[in-house]
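Peer 1: Starting off with a structure, shown below.
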Amino acid sequence: MHHRILMHQQTAAILCFVVAGCGEGGPPLDVKSPYPPYSASTRASYVLAAPGGKKVFFSSRVAGEKSVAGKSMPRVRVTNPDDEAAGHVEFYGNLLAPSRIEVGGGEYNMSGSDIAPIAAALGVPTSASLALDAPLTVDFDVPIGVPQTVEVKGTAILGENGQP
């Protein structure tokens, strides 16, 4: 059960910053109040209803830039605004079109959070990072059942000992 909670919290955080922080602008233009492009001064907040009725708060912001194969990408950071030292998730990428993103990598570190002891007991790393050698473009608007072949090279590091 705790393993599922851990996975859901991390997945929710990752999805929040992937959707919210890719650079261009907000929701489709036919909504009542489209929001402007995500910029260095933008802060977005999210609430996750966790099992048992607990609410987990997240906020996202642009935390600088990261160079991937010579291309500058925003670093979008998601944290708990009440306890930023507890951990973070970052994503390096750009929104190319409403249904296409360019990913350069990312990281998470939850070693200071209340889920760290649960993760340790389950053997799940409390930190990980992925640095791609070249950005990867992902198209979310392909027909169902049509495979997308991707080839990526990079370095993945799981755990806190820094070993790829």
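Each chain in the structure tokens gets a letter, A, B, ..., in the order shown, and its residues are numbered from 1; ligands are numbered from 1 in order too.
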If we count only C-alpha atoms and set the cut-off at 7 Å, which residues sit around A:Ser60, ignoring sequence neighbours fewer than 2 positions away in its own chain? Please answer as number ranges by chain.
Peer 2: A: 17, 43-45, 58, 76-79
Peer 1: Skipping near chain neighbours, those fewer than 4 positions away, what residues fall within 7 Å of A:Leu158 using only C-alpha atoms, listed as a list of chain:residue names?
Peer 2: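 Contacts, in chain order: A:Pro125, A:Ser127, A:Ala128, A:Ser129, A:Pro164.
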Peer 1: Name the residues of stretch 79-142 of chain A that fall into alpha helix (DSSP H) according to DSSP on the backbone, using the chain letters and numbers of this document, as a PyMOL selection string.
Peer 2: chain A and resi 116-122
Peer 1: Can you write just those residues out, N, CA and C atoms, as a JSON list (two decimals), in the first residue's frame?
Peer 2:
```json
[["chain", "number", "residue", "atom", "x", "y", "z"],
["A", 116, "ALA", "N", 10.35, 9.26, 2.63],
["A", 116, "ALA", "CA", 11.69, 8.69, 2.50],
["A", 116, "ALA", "C", 11.85, 7.38, 3.28],
["A", 117, "PRO", "N", 11.39, 7.28, 4.54],
["A", 117, "PRO", "CA", 11.54, 6.00, 5.25],
["A", 117, "PRO", "C", 10.75, 4.86, 4.61],
["A", 118, "ILE", "N", 9.58, 5.20, 4.04],
["A", 118, "ILE", "CA", 8.78, 4.17, 3.36],
["A", 118, "ILE", "C", 9.52, 3.70, 2.12],
["A", 119, "ALA", "N", 10.07, 4.65, 1.37],
["A", 119, "ALA", "CA", 10.81, 4.31, 0.16],
["A", 119, "ALA", "C", 12.01, 3.44, 0.50],
["A", 120, "ALA", "N", 12.74, 3.80, 1.55],
["A", 120, "ALA", "CA", 13.91, 3.02, 1.96],
["A", 120, "ALA", "C", 13.52, 1.60, 2.34],
["A", 121, "ALA", "N", 12.42, 1.46, 3.06],
["A", 121, "ALA", "CA", 11.97, 0.13, 3.47],
["A", 121, "ALA", "C", 11.58, -0.73, 2.27],
["A", 122, "LEU", "N", 11.10, -0.09, 1.22],
["A", 122, "LEU", "CA", 10.69, -0.81, 0.01],
["A", 122, "LEU", "C", 11.82, -0.96, -1.00]]
```
Peer 1: Skipping near chain neighbours, those fewer than 4 positions away, what residues fall within 7 Å of stretch 81-91 of chain A using only C-alpha atoms, listed as a ChimeraX atom specification?
Peer 2: /A:14,18,58-59,75-77,105-113
Peer 1: Deliver the residues from the most recent selection as a file, using C-alpha atoms, as a PDB file, in the first residue's frame.
Peer 2:
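Saved the output as part_0.pdb:
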```
ATOM      1  CA  ILE A  14       5.778  14.707 -12.375  1.00  0.00           C
ATOM      2  CA  VAL A  18       5.228  18.328 -17.226  1.00  0.00           C
ATOM      3  CA  PHE A  58       2.599  21.309  -4.731  1.00  0.00           C
ATOM      4  CA  SER A  59       3.797  24.444  -6.432  1.00  0.00           C
ATOM      5  CA  ARG A  75      14.166  23.970 -15.423  1.00  0.00           C
ATOM      6  CA  VAL A  76      10.653  23.611 -14.039  1.00  0.00           C
ATOM      7  CA  ARG A  77      10.744  22.727 -10.325  1.00  0.00           C
ATOM      8  CA  GLY A 105      15.941  15.286 -18.663  1.00  0.00           C
ATOM      9  CA  GLY A 106      14.871  15.711 -15.099  1.00  0.00           C
ATOM     10  CA  GLU A 107      15.413  14.711 -11.514  1.00  0.00           C
ATOM     11  CA  TYR A 108      13.679  14.083  -8.267  1.00  0.00           C
ATOM     12  CA  ASN A 109      14.911  14.067  -4.695  1.00  0.00           C
ATOM     13  CA  MET A 110      12.538  13.126  -1.906  1.00  0.00           C
ATOM     14  CA  SER A 111      15.199  12.226   0.663  1.00  0.00           C
ATOM     15  CA  GLY A 112      13.966  14.900   3.091  1.00  0.00           C
ATOM     16  CA  SER A 113      10.264  14.034   2.802  1.00  0.00           C
TER      17      SER A 113
END
```
Peer 1: If you run DSSP over the backbone, which residues in stretch 67-139 of chain A end up strand (DSSP E or B)? Put them as a ChimeraX atom specification.
Peer 2: /A:67-68,71-79,88-97,100-109,127-139
Peer 1: Let me see the file: selected residues, N, CA and C atoms, as a compact mmCIF listing (two decimals), in the first residue's frame.
Peer 2:
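File written: selection-v8.txt
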```txt
# COMPACT_ATOMS: atom_id res chain seq x y z
N SER A 67 21.26 23.47 -19.98
CA SER A 67 21.70 23.28 -21.35
C SER A 67 21.76 21.78 -21.66
N VAL A 68 21.07 21.39 -22.72
CA VAL A 68 21.08 20.00 -23.17
C VAL A 68 21.52 20.01 -24.62
N LYS A 71 21.42 23.31 -26.24
CA LYS A 71 20.11 23.96 -26.33
C LYS A 71 19.63 24.32 -24.93
N SER A 72 19.25 25.57 -24.73
CA SER A 72 18.78 26.04 -23.43
C SER A 72 17.33 25.61 -23.20
N MET A 73 17.08 25.03 -22.03
CA MET A 73 15.73 24.59 -21.68
C MET A 73 15.39 25.08 -20.28
N PRO A 74 14.13 25.48 -20.05
CA PRO A 74 13.77 25.89 -18.70
C PRO A 74 13.79 24.69 -17.74
N ARG A 75 14.23 24.96 -16.50
CA ARG A 75 14.17 23.97 -15.42
C ARG A 75 12.90 24.26 -14.63
N VAL A 76 11.90 23.42 -14.77
CA VAL A 76 10.65 23.61 -14.04
C VAL A 76 10.72 22.76 -12.78
N ARG A 77 10.60 23.40 -11.62
CA ARG A 77 10.74 22.73 -10.33
C ARG A 77 9.40 22.65 -9.62
N VAL A 78 9.08 21.47 -9.12
CA VAL A 78 7.87 21.24 -8.33
C VAL A 78 8.29 20.89 -6.92
N THR A 79 7.71 21.59 -5.94
CA THR A 79 8.02 21.33 -4.53
C THR A 79 6.74 21.46 -3.71
N HIS A 88 12.03 17.70 -4.13
CA HIS A 88 11.63 18.40 -5.34
C HIS A 88 11.62 17.45 -6.53
N VAL A 89 10.96 17.88 -7.57
CA VAL A 89 10.98 17.22 -8.86
C VAL A 89 11.29 18.31 -9.87
N GLU A 90 12.19 18.04 -10.80
CA GLU A 90 12.49 19.00 -11.85
C GLU A 90 12.36 18.34 -13.22
N PHE A 91 12.02 19.16 -14.19
CA PHE A 91 11.88 18.73 -15.56
C PHE A 91 12.57 19.76 -16.44
N TYR A 92 13.35 19.30 -17.41
CA TYR A 92 14.00 20.21 -18.35
C TYR A 92 13.34 19.98 -19.70
N GLY A 93 12.68 20.98 -20.23
CA GLY A 93 12.03 20.77 -21.51
C GLY A 93 11.32 21.99 -22.03
N ASN A 94 10.76 21.84 -23.22
CA ASN A 94 10.04 22.91 -23.89
C ASN A 94 8.74 22.37 -24.47
N LEU A 95 7.72 23.22 -24.49
CA LEU A 95 6.49 22.90 -25.18
C LEU A 95 6.65 23.38 -26.62
N LEU A 96 6.63 22.46 -27.56
CA LEU A 96 6.82 22.83 -28.97
C LEU A 96 5.51 23.17 -29.64
N ALA A 97 4.44 22.52 -29.22
CA ALA A 97 3.09 22.71 -29.75
C ALA A 97 2.16 22.19 -28.66
N ARG A 100 3.02 18.52 -28.40
CA ARG A 100 4.40 18.05 -28.56
C ARG A 100 5.30 18.73 -27.54
N ILE A 101 6.10 17.91 -26.85
CA ILE A 101 7.07 18.47 -25.93
C ILE A 101 8.46 17.98 -26.29
N GLU A 102 9.42 18.74 -25.87
CA GLU A 102 10.83 18.39 -26.04
C GLU A 102 11.40 18.21 -24.63
N VAL A 103 11.97 17.05 -24.38
CA VAL A 103 12.46 16.70 -23.05
C VAL A 103 13.97 16.60 -23.08
N GLY A 104 14.62 17.20 -22.09
CA GLY A 104 16.08 17.12 -21.99
C GLY A 104 16.53 16.30 -20.79
N GLY A 105 15.61 16.06 -19.85
CA GLY A 105 15.94 15.29 -18.66
C GLY A 105 15.13 15.75 -17.48
N GLY A 106 15.56 15.33 -16.31
CA GLY A 106 14.87 15.71 -15.10
C GLY A 106 15.49 15.03 -13.90
N GLU A 107 14.92 15.32 -12.75
CA GLU A 107 15.41 14.71 -11.51
C GLU A 107 14.35 14.79 -10.44
N TYR A 108 14.48 13.93 -9.47
CA TYR A 108 13.68 14.08 -8.27
C TYR A 108 14.53 13.73 -7.07
N ASN A 109 14.23 14.36 -5.95
CA ASN A 109 14.91 14.07 -4.69
C ASN A 109 13.89 14.23 -3.58
N SER A 127 16.00 9.35 -4.67
CA SER A 127 16.45 10.34 -5.65
C SER A 127 16.82 9.64 -6.95
N ALA A 128 16.67 10.38 -8.03
CA ALA A 128 17.03 9.86 -9.35
C ALA A 128 17.19 11.04 -10.29
N SER A 129 17.98 10.85 -11.33
CA SER A 129 18.11 11.88 -12.35
C SER A 129 18.30 11.24 -13.71
N LEU A 130 17.92 11.97 -14.73
CA LEU A 130 18.08 11.53 -16.11
C LEU A 130 18.58 12.71 -16.91
N ALA A 131 19.72 12.54 -17.56
CA ALA A 131 20.28 13.57 -18.44
C ALA A 131 20.43 12.96 -19.83
N LEU A 132 19.66 13.47 -20.78
CA LEU A 132 19.75 12.96 -22.15
C LEU A 132 20.89 13.63 -22.88
N ASP A 133 21.54 12.88 -23.78
CA ASP A 133 22.62 13.44 -24.58
C ASP A 133 22.09 14.47 -25.58
N ALA A 134 20.86 14.26 -26.05
CA ALA A 134 20.19 15.19 -26.97
C ALA A 134 18.72 15.21 -26.61
N PRO A 135 18.05 16.35 -26.78
CA PRO A 135 16.62 16.41 -26.43
C PRO A 135 15.79 15.40 -27.22
N LEU A 136 14.75 14.92 -26.56
CA LEU A 136 13.81 13.96 -27.15
C LEU A 136 12.49 14.68 -27.38
N THR A 137 11.93 14.57 -28.59
CA THR A 137 10.63 15.16 -28.89
C THR A 137 9.56 14.07 -28.75
N VAL A 138 8.52 14.38 -27.98
CA VAL A 138 7.42 13.44 -27.75
C VAL A 138 6.14 14.07 -28.29
N ASP A 139 5.44 13.32 -29.16
CA ASP A 139 4.18 13.76 -29.74
C ASP A 139 3.05 13.01 -29.05
```
